[in-house]
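The file data07.pdb comes next; it holds PDB, C-alpha atoms and all ligand atoms.
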ATOM      1  CA  MET A   1       0.000   0.000   0.000
ATOM      2  CA  MET A   2       1.318   3.470  -0.887
ATOM      3  CA  GLU A   3       1.626   6.041   1.934
ATOM      4  CA  ASP A   4      -0.795   8.223  -0.057
ATOM      5  CA  ASP A   5      -3.442   5.540   0.159
ATOM      6  CA  TRP A   6      -3.360   5.264   3.922
ATOM      7  CA  MET A   7      -6.794   5.072   5.468
ATOM      8  CA  PRO A   8      -7.758   3.424   8.739
ATOM      9  CA  PRO A   9      -9.722   0.198   8.295
ATOM     10  CA  TYR A  10     -13.003   1.774   9.331
ATOM     11  CA  PHE A  11     -12.911   4.474   6.675
ATOM     12  CA  ASN A  12     -16.031   3.030   5.090
ATOM     13  CA  GLU A  13     -18.126   3.613   8.168
ATOM     14  CA  PRO A  14     -21.746   4.323   7.273
ATOM     15  CA  ASP A  15     -23.187   7.836   7.333
ATOM     16  CA  ALA A  16     -19.914   9.742   7.073
ATOM     17  CA  PRO A  17     -20.894  13.403   6.626
ATOM     18  CA  LYS A  18     -20.679  14.789   3.109
ATOM     19  CA  ASP A  19     -17.237  16.348   2.544
ATOM     20  CA  GLN A  20     -15.698  14.372   5.409
ATOM     21  CA  LEU A  21     -12.351  13.972   3.681
ATOM     22  CA  VAL A  22     -10.729  12.022   6.492
ATOM     23  CA  PRO A  23     -12.427   9.805   9.092
ATOM     24  CA  PHE A  24     -12.284  10.561  12.811
ATOM     25  CA  VAL A  25      -9.209   8.883  14.257
ATOM     26  CA  PRO A  26      -8.179  10.609  17.490
ATOM     27  CA  SER A  27      -4.610  11.521  18.313
ATOM     28  CA  THR A  28      -3.214   9.951  21.463
ATOM     29  CA  ASN A  29      -2.952  12.124  24.564
ATOM     30  CA  LEU A  30       0.828  12.022  24.251
ATOM     31  CA  THR A  31       0.615  13.287  20.662
ATOM     32  CA  ALA A  32      -1.706  16.092  21.774
ATOM     33  CA  GLU A  33       0.806  17.096  24.466
ATOM     34  CA  LYS A  34       3.730  17.039  22.051
ATOM     35  CA  VAL A  35       1.847  19.137  19.486
ATOM     36  CA  VAL A  36       1.164  21.790  22.131
ATOM     37  CA  GLU A  37       4.792  21.732  23.318
ATOM     38  CA  LEU A  38       6.190  21.955  19.811
ATOM     39  CA  LEU A  39       4.045  24.945  18.879
ATOM     40  CA  LYS A  40       5.171  26.831  22.005
ATOM     41  CA  ILE A  41       1.770  28.467  22.282
ATOM     42  CA  LYS A  42       1.638  31.407  24.643
ATOM     43  CA  GLU A  43      -1.273  32.262  26.894
ATOM     44  CA  ASP A  44      -2.329  35.210  24.732
ATOM     45  CA  GLU A  45      -2.202  33.143  21.526
ATOM     46  CA  SER A  46      -4.704  30.877  19.827
ATOM     47  CA  ILE A  47      -4.597  27.536  18.079
ATOM     48  CA  ILE A  48      -6.940  25.994  15.528
ATOM     49  CA  ASP A  49      -7.280  22.258  14.848
ATOM     50  CA  LEU A  50      -8.498  21.596  11.285
ATOM     51  CA  GLY A  51     -10.771  18.594  11.729
ATOM     52  CA  CYS A  52     -10.690  18.695  15.522
ATOM     53  CA  GLY A  53     -12.634  15.479  16.165
ATOM     54  CA  ASP A  54     -13.402  15.342  19.894
ATOM     55  CA  GLY A  55     -11.327  18.486  20.441
ATOM     56  CA  ARG A  56      -8.703  16.755  22.558
ATOM     57  CA  ILE A  57      -5.754  18.791  21.254
ATOM     58  CA  LEU A  58      -7.544  22.031  22.088
ATOM     59  CA  PHE A  59      -8.631  20.893  25.554
ATOM     60  CA  LYS A  60      -5.019  19.819  26.140
ATOM     61  CA  ALA A  61      -3.676  23.181  24.869
ATOM     62  CA  LEU A  62      -5.968  25.017  27.266
ATOM     63  CA  GLU A  63      -4.928  22.769  30.164
ATOM     64  CA  MET A  64      -1.216  23.153  29.431
ATOM     65  CA  LYS A  65      -0.974  26.785  28.282
ATOM     66  CA  ASN A  66      -4.279  28.470  29.173
ATOM     67  CA  CYS A  67      -4.397  29.668  25.538
ATOM     68  CA  SER A  68      -7.472  30.099  23.323
ATOM     69  CA  GLY A  69      -8.534  27.496  20.817
ATOM     70  CA  VAL A  70     -10.819  26.996  17.851
ATOM     71  CA  GLY A  71     -11.929  23.581  16.689
ATOM     72  CA  ILE A  72     -13.644  23.051  13.384
ATOM     73  CA  ASP A  73     -14.990  19.794  12.041
ATOM     74  CA  ILE A  74     -17.368  18.785   9.263
ATOM     75  CA  ASN A  75     -18.946  16.232  11.597
ATOM     76  CA  LYS A  76     -21.712  17.958  13.559
ATOM     77  CA  ASP A  77     -22.018  15.162  16.130
ATOM     78  CA  LEU A  78     -18.380  15.628  17.140
ATOM     79  CA  ILE A  79     -18.758  19.407  17.360
ATOM     80  CA  ASP A  80     -21.946  19.035  19.434
ATOM     81  CA  GLU A  81     -20.033  16.866  21.919
ATOM     82  CA  CYS A  82     -17.201  19.413  22.098
ATOM     83  CA  ASN A  83     -19.684  22.214  22.724
ATOM     84  CA  LYS A  84     -21.392  20.206  25.483
ATOM     85  CA  LYS A  85     -18.040  19.833  27.215
ATOM     86  CA  VAL A  86     -17.324  23.544  26.790
ATOM     87  CA  ILE A  87     -20.651  24.433  28.417
ATOM     88  CA  ASN A  88     -20.325  21.871  31.236
ATOM     89  CA  GLU A  89     -16.802  22.951  32.082
ATOM     90  CA  LYS A  90     -17.513  26.674  31.520
ATOM     91  CA  LEU A  91     -14.722  27.083  28.994
ATOM     92  CA  ASN A  92     -16.582  29.233  26.491
ATOM     93  CA  ASP A  93     -14.351  32.272  26.943
ATOM     94  CA  LYS A  94     -11.384  30.156  25.779
ATOM     95  CA  LEU A  95     -12.579  27.465  23.379
ATOM     96  CA  LYS A  96     -14.901  27.714  20.355
ATOM     97  CA  PHE A  97     -16.092  24.828  18.209
ATOM     98  CA  TYR A  98     -17.798  25.203  14.841
ATOM     99  CA  VAL A  99     -19.084  22.944  12.085
ATOM    100  CA  ASP A 100     -16.982  24.048   9.121
ATOM    101  CA  ASP A 101     -15.128  22.669   6.109
ATOM    102  CA  PHE A 102     -11.409  23.464   5.980
ATOM    103  CA  SER A 103     -11.355  22.711   2.238
ATOM    104  CA  ARG A 104     -13.677  25.580   1.311
ATOM    105  CA  ASP A 105     -12.072  28.289  -0.840
ATOM    106  CA  ASN A 106     -12.096  31.219   1.559
ATOM    107  CA  PHE A 107     -11.260  29.297   4.716
ATOM    108  CA  ASP A 108      -9.239  31.747   6.824
ATOM    109  CA  PHE A 109      -7.956  29.801   9.880
ATOM    110  CA  TYR A 110     -10.065  32.044  12.173
ATOM    111  CA  ASN A 111      -7.028  34.314  12.542
ATOM    112  CA  CYS A 112      -5.280  31.879  14.888
ATOM    113  CA  ASP A 113      -1.554  31.996  15.633
ATOM    114  CA  CYS A 114      -1.015  28.252  15.337
ATOM    115  CA  VAL A 115      -2.588  25.509  13.249
ATOM    116  CA  CYS A 116      -2.533  21.754  13.713
ATOM    117  CA  PHE A 117      -4.171  18.879  11.864
ATOM    118  CA  TYR A 118      -4.137  15.117  11.549
ATOM    119  CA  LEU A 119      -4.937  14.474   7.893
ATOM    120  CA  VAL A 120      -3.788  12.173   5.101
ATOM    121  CA  PRO A 121      -1.390  12.968   2.226
ATOM    122  CA  LYS A 122      -4.114  13.334  -0.403
ATOM    123  CA  ILE A 123      -5.822  16.016   1.695
ATOM    124  CA  LEU A 124      -2.549  17.675   2.695
ATOM    125  CA  LYS A 125      -1.939  18.216  -0.992
ATOM    126  CA  MET A 126      -5.244  20.131  -1.181
ATOM    127  CA  ILE A 127      -4.325  22.549   1.632
ATOM    128  CA  GLU A 128      -0.583  22.854   1.011
ATOM    129  CA  ASN A 129      -0.727  26.245  -0.739
ATOM    130  CA  LYS A 130      -3.118  27.676   1.821
ATOM    131  CA  ILE A 131      -0.785  26.660   4.613
ATOM    132  CA  LYS A 132       2.217  28.084   2.810
ATOM    133  CA  ASN A 133       0.436  31.422   2.378
ATOM    134  CA  TYR A 134      -0.764  31.361   5.973
ATOM    135  CA  ILE A 135       2.769  31.123   7.405
ATOM    136  CA  LYS A 136       4.169  33.488   4.781
ATOM    137  CA  GLU A 137       1.682  36.251   5.643
ATOM    138  CA  ASP A 138       2.706  36.380   9.309
ATOM    139  CA  LYS A 139       6.063  34.992  10.314
ATOM    140  CA  ASN A 140       4.958  34.401  13.897
ATOM    141  CA  ARG A 141       2.568  31.678  12.719
ATOM    142  CA  ARG A 142       3.380  28.012  13.311
ATOM    143  CA  VAL A 143       1.914  24.803  11.960
ATOM    144  CA  VAL A 144       2.139  21.154  12.998
ATOM    145  CA  SER A 145       1.028  18.278  10.801
ATOM    146  CA  ILE A 146       0.471  15.027  12.672
ATOM    147  CA  ARG A 147       1.722  11.799  11.148
ATOM    148  CA  PHE A 148       2.228  12.978   7.533
ATOM    149  CA  PRO A 149       4.330  15.818   6.062
ATOM    150  CA  PHE A 150       3.475  18.026   3.102
ATOM    151  CA  ARG A 151       5.007  16.866  -0.123
ATOM    152  CA  ASN A 152       6.483  20.217  -1.215
ATOM    153  CA  LEU A 153       7.094  22.103   2.016
ATOM    154  CA  ILE A 154      10.209  21.292   3.963
ATOM    155  CA  PRO A 155       9.477  21.167   7.677
ATOM    156  CA  THR A 156      11.520  23.350   9.996
ATOM    157  CA  TYR A 157      11.609  20.519  12.492
ATOM    158  CA  ILE A 158      10.645  16.855  12.527
ATOM    159  CA  ASP A 159       9.909  14.793  15.608
ATOM    160  CA  GLU A 160      10.681  11.385  14.143
ATOM    161  CA  THR A 161       9.406   9.429  17.126
ATOM    162  CA  MET A 162       6.033  11.123  17.347
ATOM    163  CA  LYS A 163       5.776  11.717  13.586
ATOM    164  CA  LEU A 164       5.181  15.444  13.962
ATOM    165  CA  TYR A 165       6.107  17.898  11.204
ATOM    166  CA  TYR A 166       6.585  21.530  12.255
ATOM    167  CA  TYR A 167       6.459  24.406   9.757
ATOM    168  CA  ASP A 168       7.042  28.109  10.107
ATOM    169  CA  TYR A 169       8.258  30.787   7.751
ATOM    170  CA  ALA A 170      10.512  32.802  10.060
ATOM    171  CA  SER A 171      13.042  29.997  10.016
ATOM    172  CA  LYS A 172      13.302  30.335   6.256
ATOM    173  CA  ASP A 173      15.114  33.614   6.814
ATOM    174  CA  GLY A 174      17.533  31.947   9.181
ATOM    175  CA  LYS A 175      15.727  33.048  12.332
ATOM    176  CA  TYR A 176      16.056  29.794  14.146
ATOM    177  CA  GLY A 177      15.613  31.231  17.636
ATOM    178  CA  LYS A 178      17.597  30.030  20.578
ATOM    179  CA  ASP A 179      16.202  26.523  20.894
ATOM    180  CA  ASP A 180      19.147  24.780  19.357
ATOM    181  CA  TYR A 181      18.152  21.549  21.028
ATOM    182  CA  LEU A 182      15.241  21.362  18.636
ATOM    183  CA  ASN A 183      17.644  20.450  15.862
ATOM    184  CA  LEU A 184      16.020  22.856  13.463
ATOM    185  CA  LEU A 185      16.395  22.140   9.778
ATOM    186  CA  PRO A 186      16.622  24.710   6.994
ATOM    187  CA  ALA A 187      13.058  25.491   5.991
ATOM    188  CA  PHE A 188      11.737  25.445   2.396
TER     189      PHE A 188
HETATM  190  C1  LIG B 201      -7.862  11.923  11.805
HETATM  191  S1  LIG B 201      -9.160  12.872  12.569
HETATM  192  C2  LIG B 201      -8.229  13.939  13.630
HETATM  193  C3  LIG B 201      -8.982  14.424  14.863
HETATM  194  C4  LIG B 201      -8.189  15.369  15.772
HETATM  195  N1  LIG B 201      -7.571  16.443  15.007
HETATM  196  C5  LIG B 201      -7.127  14.629  16.531
HETATM  197  O1  LIG B 201      -5.942  14.741  16.141
HETATM  198  O2  LIG B 201      -7.461  13.948  17.530
HETATM  199  C6  LIG B 201      -9.654  13.921  11.198
HETATM  200  C7  LIG B 201     -10.896  14.770  11.455
HETATM  201  O3  LIG B 201     -11.103  15.598  10.307
HETATM  202  C8  LIG B 201     -12.507  15.779  10.146
HETATM  203  N2  LIG B 201     -12.758  16.217   8.758
HETATM  204  C9  LIG B 201     -12.710  15.458   7.626
HETATM  205  N3  LIG B 201     -12.973  16.200   6.545
HETATM  206  C10 LIG B 201     -13.168  17.473   6.987
HETATM  207  C11 LIG B 201     -13.461  18.708   6.336
HETATM  208  N4  LIG B 201     -13.601  18.771   5.009
HETATM  209  N5  LIG B 201     -13.587  19.825   7.097
HETATM  210  C12 LIG B 201     -13.464  19.756   8.448
HETATM  211  N6  LIG B 201     -13.189  18.610   9.121
HETATM  212  C13 LIG B 201     -13.041  17.479   8.405
HETATM  213  C14 LIG B 201     -13.076  14.423  10.492
HETATM  214  O4  LIG B 201     -14.455  14.497  10.807
HETATM  215  C15 LIG B 201     -12.187  13.988  11.672
HETATM  216  O5  LIG B 201     -12.765  14.347  12.899
END

Could I get this file's structure written as structure tokens?
Amino acid sequence: MMEDDWMPPYFNEPDAPKDQLVPFVPSTNLTAEKVVELLKIKEDESIIDLGCGDGRILFKALEMKNCSGVGIDINKDLIDECNKKVINEKLNDKLKFYVDDFSRDNFDFYNCDCVCFYLVPKILKMIENKIKNYIKEDKNRRVVSIRFPFRNLIPTYIDETMKLYYYDYASKDGKYGKDDYLNLLPAF
């Protein structure tokens, strides 16, 4: 099987919402933690998860960094569950969840500082240019792709063990920051 063809075995589940380009397969808690760490989100920043599923990365980001978060997913049932949790735990000043489609033309990342997603190569190809423009427009922006990299963007940093691919644009200009331990690679 080609990497591009990867799909979990239950991809053909019945009643997948129209435009659900990837099935719901949650990240592990450890992955969620590592994504938050890697993005170095500050308290006054925000993160969006494209296809947030049960919102676990955003709940984790709030727990770890007290930052704001936006979760969007095409699957209304998942978003309804996230919103129930937000109401029950009184988190609505920090976390927002919306039914939305990240593949629509004018999708604008809700102006967040950081973006993460757990998608498959075929879908990454669809959003590659949007992501490139997103980090190019504001060099403070950071992106993490879980499990698969983009085909034509060189990550600034790769966590081989966790399969996390980190992208920013500032590093392209040689601004690697002081975190040498991160083993940063030349970007782009
Ligand atoms: C592999 S899961 C990842 C869930 C979550 N990000 C995580 O890491 O735990 C992919 C998610 O993308 C959602 N999705 C698929 N196509 C979408 C689309 N066009 N717009 C928004 N969400 C979509 C699915 O419903 C699913 O919840």

Taking all atoms listed in the file into account, report as an MDAnalysis selection string which residues have an atom no farther than 10 Å from an atom of ligand LIG 201 (chain B).
-> chainID A and resid 7:8 16:29 31:32 35 48:58 71:79 98:104 116:120 123 145:147

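Computed from the coordinates, the atom CA of A:Glu45 to atom CA of A:Arg151 distance equals 28.0 Å.
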
Straight-line distance linking atom CA of A:Phe109 with atom CA of A:Phe59, stated in Å to one decimal =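 These atoms are spaced 18.0 Å apart.
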
Length of the atom CA of A:Lys96 to atom CA of A:Met126 vector [Å] =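 Between atom CA of A:Lys96 and atom CA of A:Met126 the gap is 24.8 Å.
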
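Using all atoms listed in the file, the contacts of A:Arg142 at a cut-off of 9 Å, with sequence neighbours closer than 2 positions omitted, comprise Leu39, Lys40, Asp113, Cys114, Val115, Cys116, Ile135, Lys139, Asn140, Val144, Tyr166, Tyr167, Asp168 and Tyr169 of chain A.
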
From the list A:Ala170, A:Val70, A:Ile41, A:Met64, the nearest residue to A:Tyr110 using all atoms listed in the file is A:Val70

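Put simply, the PyMOL selection byres (((chain A and resi 160) around 12) and not hetatm) in this file takes in Lys34, Ile146, Arg147, Phe148, Pro149, Pro155, Tyr157, Ile158, Asp159, Thr161, Met162, Lys163, Leu164, Tyr165, Tyr166, Leu182 and Asn183 of chain A.
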
Selected residue, from A:Ser68, A:Asn88, A:Ser171, A:Asn152, that lies nearest to A:Lys136 when counting all atoms listed in the file = A:Ser171

Within 6 Å of A:Glu43, counting all atoms listed in the file, which residues show up once you throw out same-chain ones fewer than 2 positions away? Write them as a ChimeraX atom specification, please.
-> /A:45,65-67

Size and centre in Å, one decimal, axis-aligned box, all listed stretch 128-137 of chain A atoms plus 4 Å per side, as lines of an AutoDock Vina configuration file:
center_x = 0.5
center_y = 29.6
center_z = 3.3
size_x = 15.3
size_y = 21.4
size_z = 16.1

Quick one: stretch 54-73 of chain A with N, CA and C atoms, as a PDB file, in the coordinates of the input?
ATOM      1  N   ASP A  54     -12.819  15.098  18.560  1.00  0.00           N
ATOM      2  CA  ASP A  54     -13.402  15.342  19.894  1.00  0.00           C
ATOM      3  C   ASP A  54     -12.726  16.502  20.619  1.00  0.00           C
ATOM      4  N   GLY A  55     -11.899  17.243  19.900  1.00  0.00           N
ATOM      5  CA  GLY A  55     -11.327  18.486  20.441  1.00  0.00           C
ATOM      6  C   GLY A  55     -10.179  18.277  21.413  1.00  0.00           C
ATOM      7  N   ARG A  56      -9.665  17.056  21.488  1.00  0.00           N
ATOM      8  CA  ARG A  56      -8.703  16.755  22.558  1.00  0.00           C
ATOM      9  C   ARG A  56      -7.441  17.603  22.507  1.00  0.00           C
ATOM     10  N   ILE A  57      -6.983  17.985  21.311  1.00  0.00           N
ATOM     11  CA  ILE A  57      -5.754  18.791  21.254  1.00  0.00           C
ATOM     12  C   ILE A  57      -6.016  20.184  21.837  1.00  0.00           C
ATOM     13  N   LEU A  58      -7.218  20.684  21.602  1.00  0.00           N
ATOM     14  CA  LEU A  58      -7.544  22.031  22.088  1.00  0.00           C
ATOM     15  C   LEU A  58      -7.783  22.024  23.598  1.00  0.00           C
ATOM     16  N   PHE A  59      -8.460  20.986  24.099  1.00  0.00           N
ATOM     17  CA  PHE A  59      -8.631  20.893  25.554  1.00  0.00           C
ATOM     18  C   PHE A  59      -7.260  20.753  26.230  1.00  0.00           C
ATOM     19  N   LYS A  60      -6.377  20.000  25.601  1.00  0.00           N
ATOM     20  CA  LYS A  60      -5.019  19.819  26.140  1.00  0.00           C
ATOM     21  C   LYS A  60      -4.250  21.143  26.103  1.00  0.00           C
ATOM     22  N   ALA A  61      -4.384  21.891  24.992  1.00  0.00           N
ATOM     23  CA  ALA A  61      -3.676  23.181  24.869  1.00  0.00           C
ATOM     24  C   ALA A  61      -4.142  24.143  25.961  1.00  0.00           C
ATOM     25  N   LEU A  62      -5.434  24.143  26.216  1.00  0.00           N
ATOM     26  CA  LEU A  62      -5.968  25.017  27.266  1.00  0.00           C
ATOM     27  C   LEU A  62      -5.413  24.601  28.630  1.00  0.00           C
ATOM     28  N   GLU A  63      -5.435  23.292  28.875  1.00  0.00           N
ATOM     29  CA  GLU A  63      -4.928  22.769  30.164  1.00  0.00           C
ATOM     30  C   GLU A  63      -3.437  23.115  30.358  1.00  0.00           C
ATOM     31  N   MET A  64      -2.665  22.962  29.298  1.00  0.00           N
ATOM     32  CA  MET A  64      -1.216  23.153  29.431  1.00  0.00           C
ATOM     33  C   MET A  64      -0.799  24.621  29.373  1.00  0.00           C
ATOM     34  N   LYS A  65      -1.476  25.421  28.552  1.00  0.00           N
ATOM     35  CA  LYS A  65      -0.974  26.785  28.282  1.00  0.00           C
ATOM     36  C   LYS A  65      -1.980  27.891  28.592  1.00  0.00           C
ATOM     37  N   ASN A  66      -3.209  27.494  28.938  1.00  0.00           N
ATOM     38  CA  ASN A  66      -4.279  28.470  29.173  1.00  0.00           C
ATOM     39  C   ASN A  66      -4.486  29.400  27.963  1.00  0.00           C
ATOM     40  N   CYS A  67      -4.236  28.872  26.767  1.00  0.00           N
ATOM     41  CA  CYS A  67      -4.397  29.668  25.538  1.00  0.00           C
ATOM     42  C   CYS A  67      -5.829  29.511  25.010  1.00  0.00           C
ATOM     43  N   SER A  68      -6.149  30.243  23.959  1.00  0.00           N
ATOM     44  CA  SER A  68      -7.472  30.099  23.323  1.00  0.00           C
ATOM     45  C   SER A  68      -7.387  29.060  22.215  1.00  0.00           C
ATOM     46  N   GLY A  69      -8.537  28.508  21.875  1.00  0.00           N
ATOM     47  CA  GLY A  69      -8.534  27.496  20.817  1.00  0.00           C
ATOM     48  C   GLY A  69      -9.810  27.513  20.002  1.00  0.00           C
ATOM     49  N   VAL A  70      -9.669  27.136  18.742  1.00  0.00           N
ATOM     50  CA  VAL A  70     -10.819  26.996  17.851  1.00  0.00           C
ATOM     51  C   VAL A  70     -10.760  25.595  17.250  1.00  0.00           C
ATOM     52  N   GLY A  71     -11.860  24.893  17.327  1.00  0.00           N
ATOM     53  CA  GLY A  71     -11.929  23.581  16.689  1.00  0.00           C
ATOM     54  C   GLY A  71     -12.992  23.616  15.618  1.00  0.00           C
ATOM     55  N   ILE A  72     -12.625  23.146  14.425  1.00  0.00           N
ATOM     56  CA  ILE A  72     -13.644  23.051  13.384  1.00  0.00           C
ATOM     57  C   ILE A  72     -13.666  21.611  12.884  1.00  0.00           C
ATOM     58  N   ASP A  73     -14.865  21.150  12.587  1.00  0.00           N
ATOM     59  CA  ASP A  73     -14.990  19.794  12.041  1.00  0.00           C
ATOM     60  C   ASP A  73     -16.256  19.757  11.187  1.00  0.00           C
TER      61      ASP A  73
END
